[in-house]
$ cat entry05.cif   # mmCIF, C-alpha atoms and all ligand atoms
data_final
loop_
_atom_site.label_atom_id
_atom_site.label_comp_id
_atom_site.auth_asym_id
_atom_site.auth_seq_id
_atom_site.Cartn_x
_atom_site.Cartn_y
_atom_site.Cartn_z
CA MET A 707 6.85 -8.13 -5.11
CA PRO A 708 6.17 -11.51 -3.56
CA LEU A 709 8.34 -14.44 -4.73
CA ASN A 710 7.89 -18.12 -3.91
CA GLU A 711 10.67 -20.20 -2.31
CA ASP A 712 11.83 -21.29 -5.78
CA ARG A 713 11.95 -17.62 -6.86
CA SER A 714 8.96 -17.94 -9.14
CA ILE A 715 6.58 -15.01 -8.88
CA ALA A 716 3.82 -15.53 -6.32
CA ASP A 717 1.86 -12.44 -7.23
CA ASP A 718 2.34 -10.46 -10.42
CA THR A 719 -0.13 -7.66 -9.66
CA ARG A 720 2.52 -4.97 -9.76
CA ILE A 721 4.00 -6.24 -13.01
CA ARG A 722 0.55 -6.28 -14.60
CA ALA A 723 -0.13 -2.78 -13.30
CA SER A 724 2.92 -1.50 -15.19
CA LEU A 725 1.87 -2.95 -18.55
CA PRO A 726 -0.26 -0.05 -19.86
CA THR A 727 2.63 2.41 -19.60
CA ILE A 728 5.15 -0.04 -21.09
CA ARG A 729 2.82 -0.78 -24.00
CA TYR A 730 2.06 2.91 -24.48
CA LEU A 731 5.76 3.68 -24.82
CA THR A 732 6.84 0.75 -26.96
CA ASP A 733 3.81 1.04 -29.29
CA ARG A 734 5.03 4.53 -30.07
CA GLY A 735 8.52 3.34 -30.83
CA ALA A 736 10.20 4.48 -27.63
CA LYS A 737 13.33 2.63 -26.54
CA THR A 738 12.09 1.66 -23.10
CA ILE A 739 14.60 1.01 -20.30
CA LEU A 740 12.89 -0.45 -17.24
CA VAL A 741 14.31 0.26 -13.79
CA SER A 742 12.85 -1.33 -10.68
CA HIS A 743 13.67 -2.91 -7.37
CA LEU A 744 12.84 -6.22 -5.75
CA GLY A 745 12.90 -6.91 -2.02
CA ARG A 746 15.41 -5.39 0.36
CA PRO A 747 18.94 -6.21 -0.81
CA GLY A 748 20.25 -3.35 1.33
CA GLY A 749 22.64 -1.91 -1.26
CA GLU A 750 24.35 -5.21 -2.02
CA GLN A 751 24.11 -7.81 -4.76
CA VAL A 752 21.80 -10.54 -3.52
CA GLU A 753 21.50 -13.47 -5.96
CA LYS A 754 17.99 -14.30 -4.84
CA LEU A 755 16.82 -10.78 -5.62
CA ARG A 756 17.96 -10.52 -9.21
CA MET A 757 15.32 -9.29 -11.64
CA ASP A 758 15.40 -12.35 -13.94
CA PRO A 759 12.03 -13.77 -12.84
CA VAL A 760 10.51 -10.34 -13.47
CA ALA A 761 11.93 -10.26 -17.01
CA ALA A 762 10.52 -13.71 -17.65
CA ARG A 763 7.02 -12.87 -16.41
CA LEU A 764 7.01 -9.53 -18.16
CA GLY A 765 7.95 -11.32 -21.36
CA GLU A 766 5.05 -13.75 -20.92
CA LEU A 767 2.59 -10.95 -20.29
CA LEU A 768 3.80 -8.85 -23.21
CA GLY A 769 4.19 -11.81 -25.54
CA ARG A 770 7.76 -10.91 -26.44
CA VAL A 771 11.28 -11.46 -25.14
CA VAL A 772 12.34 -8.92 -22.54
CA ASP A 773 16.13 -8.61 -22.37
CA LYS A 774 17.57 -8.22 -18.90
CA LEU A 775 21.00 -6.98 -17.86
CA ASP A 776 23.00 -7.98 -14.77
CA ASP A 777 23.71 -4.40 -13.76
CA CYS A 778 21.88 -1.09 -13.83
CA ILE A 779 24.78 1.32 -14.45
CA GLY A 780 28.24 1.09 -15.98
CA PRO A 781 29.82 0.48 -19.39
CA ALA A 782 28.06 -2.81 -20.19
CA VAL A 783 24.70 -1.17 -19.55
CA ARG A 784 25.61 1.84 -21.66
CA ASP A 785 26.66 -0.46 -24.52
CA ALA A 786 23.44 -2.46 -24.37
CA VAL A 787 21.35 0.71 -24.31
CA GLY A 788 23.35 2.01 -27.28
CA ARG A 789 22.38 -1.10 -29.27
CA MET A 790 18.62 -0.71 -28.60
CA ARG A 791 16.32 -0.14 -31.54
CA ASP A 792 13.02 1.72 -31.61
CA GLY A 793 10.35 -0.12 -29.63
CA ASP A 794 12.88 -2.31 -27.75
CA ILE A 795 12.56 -3.06 -24.05
CA LEU A 796 15.48 -3.57 -21.70
CA LEU A 797 15.14 -4.44 -18.00
CA LEU A 798 18.02 -3.33 -15.76
CA GLU A 799 19.20 -5.21 -12.66
CA ASN A 800 17.65 -4.53 -9.22
CA VAL A 801 18.42 -0.88 -8.61
CA ARG A 802 18.66 -1.48 -4.84
CA PHE A 803 21.86 -3.51 -5.35
CA TYR A 804 23.52 -0.09 -5.10
CA PRO A 805 23.48 1.80 -1.79
CA GLY A 806 23.21 5.02 -3.81
CA GLU A 807 19.62 4.18 -4.73
CA GLN A 808 18.03 4.54 -1.31
CA LYS A 809 20.48 7.26 -0.29
CA ASN A 810 19.46 9.22 -3.38
CA ASP A 811 23.14 9.60 -4.21
CA ARG A 812 23.62 12.31 -6.80
CA GLN A 813 26.33 10.55 -8.77
CA PHE A 814 24.36 7.30 -8.92
CA ALA A 815 21.26 9.19 -10.04
CA ARG A 816 23.30 10.98 -12.70
CA GLU A 817 24.57 7.66 -14.08
CA LEU A 818 21.07 6.19 -14.21
CA ALA A 819 19.68 9.32 -15.83
CA SER A 820 22.48 9.39 -18.42
CA LEU A 821 20.99 6.26 -20.03
CA ALA A 822 17.81 8.04 -21.10
CA ASP A 823 16.31 11.25 -22.48
CA LEU A 824 13.10 11.13 -20.48
CA TYR A 825 12.10 9.65 -17.12
CA VAL A 826 8.65 8.10 -16.73
CA ASN A 827 7.74 7.39 -13.11
CA ASP A 828 5.16 4.62 -12.71
CA ALA A 829 6.30 3.51 -9.25
CA PHE A 830 3.49 4.77 -7.07
CA GLY A 831 4.50 2.30 -4.32
CA THR A 832 7.80 4.13 -3.78
CA ALA A 833 6.63 7.65 -4.66
CA HIS A 834 6.75 8.61 -0.98
CA ARG A 835 10.50 7.96 -0.91
CA ALA A 836 13.15 10.28 -2.30
CA HIS A 837 15.42 7.68 -3.88
CA ALA A 838 17.79 8.02 -6.83
CA SER A 839 15.41 6.24 -9.21
CA THR A 840 12.31 8.06 -7.97
CA ARG A 841 13.64 11.54 -7.33
CA GLY A 842 17.35 11.94 -8.05
CA VAL A 843 17.10 11.28 -11.80
CA THR A 844 14.71 14.21 -12.23
CA GLU A 845 17.60 16.56 -11.53
CA PHE A 846 19.19 15.46 -14.79
CA ILE A 847 16.39 14.58 -17.19
CA PRO A 848 12.74 15.68 -17.36
CA GLY A 849 10.31 13.42 -15.51
CA VAL A 850 6.65 12.69 -16.20
CA ALA A 851 4.03 10.46 -14.60
CA GLY A 852 3.25 7.05 -16.09
CA LEU A 853 -0.33 5.89 -16.53
CA LEU A 854 -0.45 3.93 -13.27
CA LEU A 855 0.97 6.79 -11.22
CA GLU A 856 -1.49 9.15 -12.87
CA LYS A 857 -4.42 6.86 -12.08
CA GLU A 858 -3.39 6.49 -8.44
CA LEU A 859 -3.08 10.24 -7.99
CA ASP A 860 -6.36 10.83 -9.75
CA VAL A 861 -8.40 8.36 -7.67
CA LEU A 862 -6.77 9.23 -4.34
CA GLY A 863 -6.93 12.93 -5.17
CA ARG A 864 -10.69 12.66 -5.57
CA LEU A 865 -10.92 11.26 -2.05
CA LEU A 866 -9.13 14.34 -0.76
CA SER A 867 -11.09 16.88 -2.73
CA GLY A 868 -14.51 15.92 -1.47
CA SER A 869 -16.21 12.88 -2.89
CA GLY A 870 -19.70 11.44 -2.97
CA ARG A 871 -21.25 11.43 0.48
CA PRO A 872 -21.51 9.72 2.82
CA PHE A 873 -17.74 9.20 2.78
CA VAL A 874 -16.82 6.32 5.07
CA ALA A 875 -13.28 5.27 5.99
CA LEU A 876 -12.51 1.94 7.65
CA ILE A 877 -9.12 1.93 9.33
CA GLY A 878 -7.68 -1.14 11.03
CA GLY A 879 -4.33 -2.82 11.41
CA ALA A 880 -2.08 -3.50 14.31
CA LYS A 881 -0.81 -0.13 15.42
CA ILE A 882 -2.16 3.40 15.82
CA ALA A 883 1.37 4.75 15.65
CA ASP A 884 1.47 3.86 11.92
CA LYS A 885 -1.84 5.50 11.15
CA ILE A 886 -2.39 8.36 13.55
CA ASN A 887 -1.77 11.00 10.87
CA ILE A 888 -4.20 9.51 8.44
CA LEU A 889 -6.84 9.23 11.17
CA GLU A 890 -6.31 12.88 11.92
CA SER A 891 -6.48 13.85 8.25
CA PHE A 892 -9.65 11.81 7.73
CA LEU A 893 -11.40 13.44 10.67
CA GLY A 894 -11.60 16.59 8.57
CA ARG A 895 -12.93 14.80 5.49
CA VAL A 896 -15.15 11.82 6.19
CA ASP A 897 -18.67 11.47 7.54
CA THR A 898 -17.96 8.26 9.41
CA LEU A 899 -14.71 6.74 10.59
CA LEU A 900 -14.86 3.04 11.45
CA ILE A 901 -11.97 1.80 13.55
CA GLY A 902 -11.13 -1.85 14.14
CA GLY A 903 -8.14 -4.13 14.55
CA GLY A 904 -5.42 -3.83 17.14
CA MET A 905 -5.50 -0.06 17.07
CA ALA A 906 -9.09 0.01 18.28
CA ASN A 907 -7.87 -1.27 21.66
CA THR A 908 -5.95 1.92 22.34
CA PHE A 909 -9.14 3.91 21.64
CA LEU A 910 -11.15 1.63 23.93
CA LYS A 911 -8.59 2.19 26.65
CA ALA A 912 -8.78 5.95 26.03
CA LYS A 913 -12.51 5.67 26.71
CA GLY A 914 -11.70 4.15 30.08
CA LEU A 915 -12.41 0.52 29.22
CA ALA A 916 -10.28 -2.36 30.47
CA VAL A 917 -8.73 -4.22 27.53
CA GLY A 918 -7.09 -7.17 29.30
CA LYS A 919 -4.02 -8.53 27.54
CA SER A 920 -4.93 -6.90 24.19
CA LEU A 921 -2.32 -5.12 22.11
CA VAL A 922 -2.32 -1.52 23.38
CA GLU A 923 -0.02 1.40 22.70
CA ASN A 924 0.07 3.04 26.10
CA ASP A 925 2.00 6.05 24.84
CA LYS A 926 -0.79 6.74 22.33
CA VAL A 927 -3.75 6.66 24.70
CA GLY A 928 -3.61 10.44 25.09
CA ARG A 929 -3.55 10.96 21.31
CA ALA A 930 -6.45 8.56 20.93
CA ARG A 931 -8.46 10.60 23.45
CA GLU A 932 -7.69 13.79 21.51
CA LEU A 933 -8.93 12.18 18.31
CA LEU A 934 -12.14 11.07 20.04
CA ASP A 935 -12.69 14.65 21.23
CA LYS A 936 -11.89 16.07 17.83
CA ALA A 937 -14.36 13.71 16.17
CA ALA A 938 -17.09 14.80 18.58
CA GLU A 939 -16.35 18.49 17.93
CA SER A 940 -16.23 18.12 14.17
CA ASN A 941 -19.44 16.11 13.88
CA VAL A 942 -17.66 13.09 12.46
CA ARG A 943 -19.12 9.82 13.58
CA LEU A 944 -16.24 7.73 14.94
CA LEU A 945 -17.32 4.17 15.58
CA LEU A 946 -15.35 1.68 17.62
CA PRO A 947 -16.12 -2.01 18.08
CA THR A 948 -18.89 -2.76 20.56
CA ASP A 949 -18.06 -6.45 20.79
CA LEU A 950 -14.92 -8.48 20.20
CA VAL A 951 -13.64 -11.98 19.67
CA VAL A 952 -11.17 -12.59 22.48
CA ALA A 953 -8.81 -15.44 23.36
CA PRO A 954 -6.30 -16.04 26.16
CA ALA A 955 -3.39 -16.36 23.71
CA PHE A 956 -2.24 -15.09 20.29
CA SER A 957 -2.90 -18.45 18.68
CA PRO A 958 -5.47 -19.97 16.32
CA ASP A 959 -5.93 -22.83 18.79
CA ALA A 960 -6.70 -20.65 21.79
CA GLU A 961 -10.25 -20.91 23.08
CA GLN A 962 -12.24 -17.98 21.70
CA LYS A 963 -15.14 -16.08 23.14
CA ILE A 964 -17.36 -13.22 22.01
CA VAL A 965 -17.61 -10.47 24.61
CA SER A 966 -18.88 -6.92 24.90
CA VAL A 967 -16.13 -4.28 24.95
CA GLU A 968 -17.25 -3.59 28.50
CA ALA A 969 -16.45 -7.13 29.56
CA ILE A 970 -13.03 -8.04 28.17
CA PRO A 971 -11.64 -10.65 30.57
CA GLU A 972 -8.41 -9.65 32.28
CA ASP A 973 -6.56 -12.70 30.95
CA SER A 974 -7.73 -12.32 27.31
CA MET A 975 -6.84 -10.34 24.24
CA ALA A 976 -9.02 -8.91 21.48
CA LEU A 977 -8.21 -10.58 18.15
CA ASP A 978 -11.21 -9.71 15.97
CA ILE A 979 -14.36 -7.62 15.99
CA GLY A 980 -17.52 -9.42 17.08
CA PRO A 981 -20.80 -10.09 15.23
CA GLU A 982 -22.64 -7.03 16.58
CA THR A 983 -19.81 -4.77 15.34
CA ILE A 984 -19.76 -6.56 11.99
CA GLY A 985 -23.49 -5.82 11.69
CA GLU A 986 -23.13 -2.15 12.61
CA PHE A 987 -20.08 -1.53 10.39
CA THR A 988 -21.67 -3.41 7.47
CA LYS A 989 -24.72 -1.17 7.71
CA VAL A 990 -22.59 1.99 7.60
CA ILE A 991 -20.59 0.61 4.64
CA GLY A 992 -23.82 -0.21 2.83
CA GLU A 993 -24.96 3.42 3.06
CA ALA A 994 -21.68 4.95 1.86
CA ARG A 995 -21.15 6.55 -1.55
CA THR A 996 -17.38 6.77 -1.09
CA LEU A 997 -15.37 4.13 0.78
CA PHE A 998 -11.74 3.94 1.80
CA TRP A 999 -10.33 0.89 3.57
CA ASN A 1000 -6.88 0.36 5.05
CA GLY A 1001 -6.01 -2.29 7.61
CA PRO A 1002 -7.61 -5.60 8.66
CA VAL A 1003 -9.96 -5.45 11.65
CA GLY A 1004 -8.62 -8.64 13.17
CA VAL A 1005 -5.72 -11.07 13.07
CA PHE A 1006 -7.04 -12.32 9.74
CA GLU A 1007 -3.97 -14.49 9.09
CA MET A 1008 -5.41 -16.86 11.73
CA GLU A 1009 -8.59 -18.47 10.46
CA PRO A 1010 -10.64 -18.12 13.68
CA PHE A 1011 -10.02 -14.35 13.73
CA ALA A 1012 -10.64 -13.63 10.05
CA ARG A 1013 -14.46 -13.29 10.19
CA GLY A 1014 -14.58 -9.55 10.77
CA THR A 1015 -12.12 -8.67 8.01
CA GLU A 1016 -13.81 -11.08 5.59
CA ALA A 1017 -17.28 -9.74 6.31
CA LEU A 1018 -16.28 -6.10 5.91
CA ALA A 1019 -14.21 -6.79 2.79
CA ALA A 1020 -17.26 -8.53 1.33
CA ALA A 1021 -19.47 -5.57 2.27
CA ILE A 1022 -17.06 -3.14 0.57
CA ALA A 1023 -16.92 -5.37 -2.51
CA LYS A 1024 -20.71 -5.52 -2.65
CA SER A 1025 -21.17 -1.77 -2.25
CA GLU A 1026 -21.98 0.40 -5.25
CA ALA A 1027 -19.88 3.20 -3.76
CA VAL A 1028 -16.58 4.38 -5.20
CA SER A 1029 -14.26 2.13 -3.19
CA VAL A 1030 -10.53 2.50 -2.68
CA VAL A 1031 -8.41 -0.04 -0.79
CA GLY A 1032 -4.76 0.40 0.17
CA GLY A 1033 -2.31 -1.54 2.36
CA GLY A 1034 -0.51 -4.82 1.77
CA ASP A 1035 -2.50 -6.88 4.24
CA SER A 1036 -5.85 -5.38 3.25
CA VAL A 1037 -5.17 -6.11 -0.40
CA ALA A 1038 -4.11 -9.65 0.57
CA ALA A 1039 -7.44 -10.09 2.35
CA LEU A 1040 -9.31 -8.96 -0.79
CA LYS A 1041 -7.35 -11.42 -2.90
CA LYS A 1042 -8.00 -14.27 -0.50
CA LEU A 1043 -11.71 -13.59 -0.84
CA GLY A 1044 -11.47 -13.22 -4.60
CA VAL A 1045 -13.26 -9.85 -4.62
CA THR A 1046 -10.47 -7.59 -5.89
CA GLU A 1047 -12.29 -7.04 -9.19
CA GLN A 1048 -15.26 -5.55 -7.38
CA ILE A 1049 -13.24 -2.71 -5.87
CA THR A 1050 -13.10 0.56 -7.82
CA HIS A 1051 -9.39 1.04 -7.16
CA VAL A 1052 -6.90 -1.17 -5.35
CA SER A 1053 -3.84 0.94 -4.67
CA THR A 1054 -0.42 -0.49 -5.54
CA GLY A 1055 1.12 1.58 -2.74
CA GLY A 1056 0.15 1.08 0.89
CA GLY A 1057 2.56 3.57 2.45
CA ALA A 1058 2.40 5.97 -0.47
CA SER A 1059 -1.40 6.06 -0.48
CA MET A 1060 -1.42 6.72 3.26
CA GLU A 1061 1.07 9.58 3.01
CA PHE A 1062 -0.78 11.07 0.08
CA LEU A 1063 -4.09 10.91 1.96
CA GLU A 1064 -2.44 12.51 4.99
CA GLY A 1065 -2.04 15.50 2.71
CA LYS A 1066 1.75 15.15 2.43
CA GLY A 1067 3.49 15.80 -0.87
CA LEU A 1068 5.15 12.73 -2.40
CA PRO A 1069 8.83 13.35 -3.29
CA GLY A 1070 8.60 11.10 -6.36
CA VAL A 1071 5.67 13.12 -7.66
CA GLU A 1072 6.69 16.64 -6.76
CA ALA A 1073 9.68 16.53 -9.09
CA LEU A 1074 7.62 15.60 -12.15
CA GLN A 1075 6.75 18.13 -14.78
CA ASP A 1076 3.10 17.17 -15.19
CA LYS A 1077 2.22 16.80 -11.48
P1 LIG B 1 -2.11 -3.00 5.91
O1 LIG B 1 -0.94 -3.84 5.47
O2 LIG B 1 -3.37 -3.36 5.18
O3 LIG B 1 -1.81 -1.54 5.92
P2 LIG B 1 -1.40 -3.26 8.68
O4 LIG B 1 -0.06 -3.75 8.28
O5 LIG B 1 -1.51 -1.93 9.29
O6 LIG B 1 -2.41 -3.38 7.43
O7 LIG B 1 -2.05 -4.25 9.74
C1 LIG B 1 -2.18 -5.62 9.50
C2 LIG B 1 -1.87 -6.42 10.72
O8 LIG B 1 -2.68 -6.03 11.82
C3 LIG B 1 -2.14 -7.88 10.48
O9 LIG B 1 -0.92 -8.59 10.59
C4 LIG B 1 -3.11 -8.26 11.59
O10 LIG B 1 -2.85 -9.53 12.17
C5 LIG B 1 -2.87 -7.17 12.62
N1 LIG B 1 -4.02 -7.03 13.53
C6 LIG B 1 -5.29 -6.75 13.22
N2 LIG B 1 -6.07 -6.78 14.32
C7 LIG B 1 -5.27 -7.08 15.36
C8 LIG B 1 -5.48 -7.26 16.77
N3 LIG B 1 -6.69 -7.12 17.31
N4 LIG B 1 -4.40 -7.57 17.53
C9 LIG B 1 -3.19 -7.71 16.98
N5 LIG B 1 -2.92 -7.55 15.67
C10 LIG B 1 -3.94 -7.24 14.87
MG MG B 2 0.84 -4.44 6.51
#
$ encode --input "entry05.cif" --output "structure tokens"
Amino acid sequence: MPLNEDRSIADDTRIRASLPTIRYLTDRGAKTILVSHLGRPGGEQVEKLRMDPVAARLGELLGRVVDKLDDCIGPAVRDAVGRMRDGDILLLENVRFYPGEQKNDRQFARELASLADLYVNDAFGTAHRAHASTRGVTEFIPGVAGLLLEKELDVLGRLLSGSGRPFVALIGGAKIADKINILESFLGRVDTLLIGGGMANTFLKAKGLAVGKSLVENDKVGRARELLDKAAESNVRLLLPTDLVVAPAFSPDAEQKIVSVEAIPEDSMALDIGPETIGEFTKVIGEARTLFWNGPVGVFEMEPFARGTEALAAAIAKSEAVSVVGGGDSVAALKKLGVTEQITHVSTGGGASMEFLEGKGLPGVEALQDK
């Protein structure tokens, strides 16, 4: 979860997303022990990554004091849990202060689990990882899905099981390597696959085009060609950019030019999709009944190369289709435009949503009793 320099919370989306389950439990008198992680402390105590700001914000949102402990296992924690009364909430310290968390250490998981009778998993964002707090604890106490996890699985599951057609997926981002499996999985499911961003360059190269100094994954050109062939065989429309915004350097101050994909200058790199591509992709998005978007189609962090991502995000927001957006940067782009509310479902898990949509089982989900 993003923190500001002064450790105040920059974005409380994930905290807000957890409220329905917390309220559900406490309203029914459950003693609710909250376990979570913050940042990447790497198995050590990191002062800056203590959970205190989370307790404070959670308290504000719930309108009550949320007690927070400075550890997540051990005698002091057991004592505090023993003093809880029905309906109480207790937030434990960052669970990643212990190396046993990410290693899914059995003893660590046993200690965590010993605090409770029932495990409720609402951490969709880490459901694709087998950690002690997402998987290990289910060996000792029964686990069930929280309301957020359930909603994520429900919405994403509908994308997998055949949704309203046309089903259009827009995939962008820097690297194909990160997303090759999801591209492959989507080729069997969607009507149209729109590809933009850095990864489009590798596809353009696979089609025999010269891409100048653009970001290209040379070891993935062969895979890209296979995917192009597979799309053609399976009657999936796979659209690549037809024009691009290029510049001689990876900088917002570099002189930019709009060129056809057939005419990328040797000394330039593609940093956004061009206006013709925006028009074509917008049209396809406008006709969709189901939409999935992951990955910006340009270097949207730099103002001059944000047009493509902004235009397509706006088109997705405007669409009446069932729309699902996943991925940290894509969600950031939605927020920047202020259109998050117009999306049917904004996933709280970039990596987890991708792995789920690849058709992989999620370790944090498989161990639950109500999966
Ligand atoms: P998400 O977080 O939504 O899953 P990714 O992390 O896969 O998205 O990709 C986002 C990154 O891709 C951004 O940092 C963006 O600058 C970068 N990117 C997009 N288009 C290009 C491009 N043409 N060249 C280089 N990087 C790009
Ligand atoms: Mg990202």
$ atom_distance --input "entry05.cif" --atom1 "CA of Asp718 in chain A" --atom2 "CA of Pro759 in chain A"
10.5 Å
$ residues_near_ligand --input "entry05.cif" --ligand "ligand MG 2 (chain B)" --cutoff "7 Å" --atoms "all atoms listed in the file" --output "number ranges by chain"
A: 1033-1035
$ closest_residue --input "entry05.cif" --among "A:Thr840, A:Thr719, A:Thr732, A:Thr1054" --to "ligand LIG 1 (chain B)" --atoms "all atoms listed in the file"
A:Thr1054
$ closest_residue --input "entry05.cif" --among "A:Phe909, A:Tyr825, A:Phe1006, A:Phe998" --to "ligand LIG 1 (chain B)" --atoms "only C-alpha atoms and all ligand atoms"
A:Phe1006
$ atom_distance --input "entry05.cif" --atom1 "CA of Glu750 in chain A" --atom2 "CA of His834 in chain A"
22.4 Å
$ residues_around --input "entry05.cif" --residues "Met1008 in chain A" --least-positions-apart "2" --cutoff "10 Å" --atoms "all atoms listed in the file" --output "PyMOL selection string"
chain A and resi 956-959+977+1004-1006+1010-1013
$ residues_near_ligand --input "entry05.cif" --ligand "ligand LIG 1 (chain B)" --cutoff "8 Å" --atoms "all atoms listed in the file" --output "PyMOL selection string"
chain A and resi 878-881+884-885+902-907+920-921+975-979+1000-1008+1032-1038+1056-1057
$ axis_aligned_box --input "entry05.cif" --around "range 732-736 of chain A" --padding-each-side "6 Å" --output "AutoDock Vina command-line options"
--center_x 7.0 --center_y 2.6 --center_z -28.9 --size_x 18.4 --size_y 15.8 --size_z 15.9
$ residues_near_point --input "entry05.cif" --point "(16.0, 0.5, -20.1)" --cutoff "7 Å" --atoms "all atoms listed in the file" --output "JSON, numbers by chain"
{"A": [738, 739, 740, 741, 787, 795, 796, 797, 798]}
